[in-house]
Amino acid sequence: MIRLSDYLKETFGTKLYRLSLQSGCSCPNRDGRLGTGGCTFCSAGGSGEFAAPLLPVRDQIALAKEKVDGKFPKRIAPQDRRYIAYFQSYTNTYGNPVRLEALYRDTISLPEIAVRRLKEAGLTVIVHIIFSLPGESREDMLETVRYLSQMQPRPDGIKIQMLQILKGTQLAREYETDPFPLLSMDQYCSLTAQALAMLPEDMVVHRMTGDPPRRLLIAPAWCTDKKRVLNTINAELRRRGIT
């Protein structure tokens, strides 16, 4: 298991911060073409509540940089800071290919964005899994991690987060009509630590918990205390002898 912050420092020689952006795309699950109305857990904003406003991409990047620049160590001069351009909301390959190509070329042409060519066009694959989906047992959740760890070729990285019930989603309507059990913080942290122990040593961990918008979160309330969740997971990893 490799933490993303360590991987980025080793790969690029410096700390990187993510710029959350919008492409203006929708999603085939949301616009009616597939008749689903959107994924049940996805908010009205396409899970992009922390993304910059929908402006020309260079303006978005400038605004996003203002938000994260205070996190850089003071010893790193502004001209030496590097970033990951992260198109966060909706489905960012769902749109006119000509417009999308222009959008992404404009983005990666900026010298401060981290990755100009994706490993000489050999794409890095990152999987995103959600714990506590309705009807899943603890063993079901671990089986997902076990499968991803053993598949060939394997993903390069993984994001793990707790299911979040957000206002305005189909999942929220189902939860309010017929509440289903959700993991407690201690249960989630224990499960996540066990899952991390199952990962190959060279798999990069991009996320160990989600960061929901407080104004939209219905449950579980503990998800908003990200620092406490991460500290609890790290304490459990140390207890298990995992670093």
# chains A, B, ... in the order shown; residues from 1 in each chain; ligands from 1
>>> residues_around(residues="A:Phe12", least_positions_apart="5", cutoff="9 Å", atoms="only C-alpha atoms", output="PyMOL selection string")
chain A and resi 7+82+114
>>> write_last_selection(atoms="N, CA, C and O atoms", output="compact mmCIF listing (two decimals), in the first residue's frame")
# COMPACT_ATOMS: atom_id res chain seq x y z
N TYR A 7 3.34 8.89 -3.02
CA TYR A 7 3.54 8.51 -4.43
C TYR A 7 3.79 9.74 -5.29
O TYR A 7 4.70 9.75 -6.13
N ARG A 82 2.90 22.79 -8.23
CA ARG A 82 2.36 21.92 -9.26
C ARG A 82 1.02 21.34 -8.81
O ARG A 82 0.78 21.18 -7.61
N ALA A 114 0.22 18.87 -13.42
CA ALA A 114 1.12 17.77 -13.12
C ALA A 114 1.42 16.84 -14.25
O ALA A 114 2.57 16.47 -14.50
>>> residues_around(residues="A:Lys15", least_positions_apart="3", cutoff="10 Å", atoms="only C-alpha atoms", output="count of residues only")
14
>>> closest_residue(among="A:Thr14, A:Ser20, A:Ser109, A:Ser132", to="A:Ala77", atoms="only C-alpha atoms")
A:Thr14
>>> residues_around(residues="A:Gly95", least_positions_apart="4", cutoff="9 Å", atoms="only C-alpha atoms", output="list in words")
Gly24, Cys25, Ser26, Cys27, Thr91, Arg99 and Leu100 of chain A
>>> closest_residue(among="A:Thr192, A:Gln22, A:Thr232, A:Thr177", to="A:Met141", atoms="only C-alpha atoms")
A:Thr192
>>> atom_distance(atom1="atom CA of A:Leu171", atom2="atom CA of A:Gly210")
16.8 Å
>>> residues_around(residues="A:Thr107", least_positions_apart="3", cutoff="8 Å", atoms="only C-alpha atoms", output="list in words")
Val57, Arg58, Ala85, Leu103, Tyr104, Leu110 and Ile113 of chain A
>>> closest_residue(among="A:Gly168, A:Gly13, A:Gly135, A:Pro220", to="A:Tyr188", atoms="only C-alpha atoms")
A:Pro220
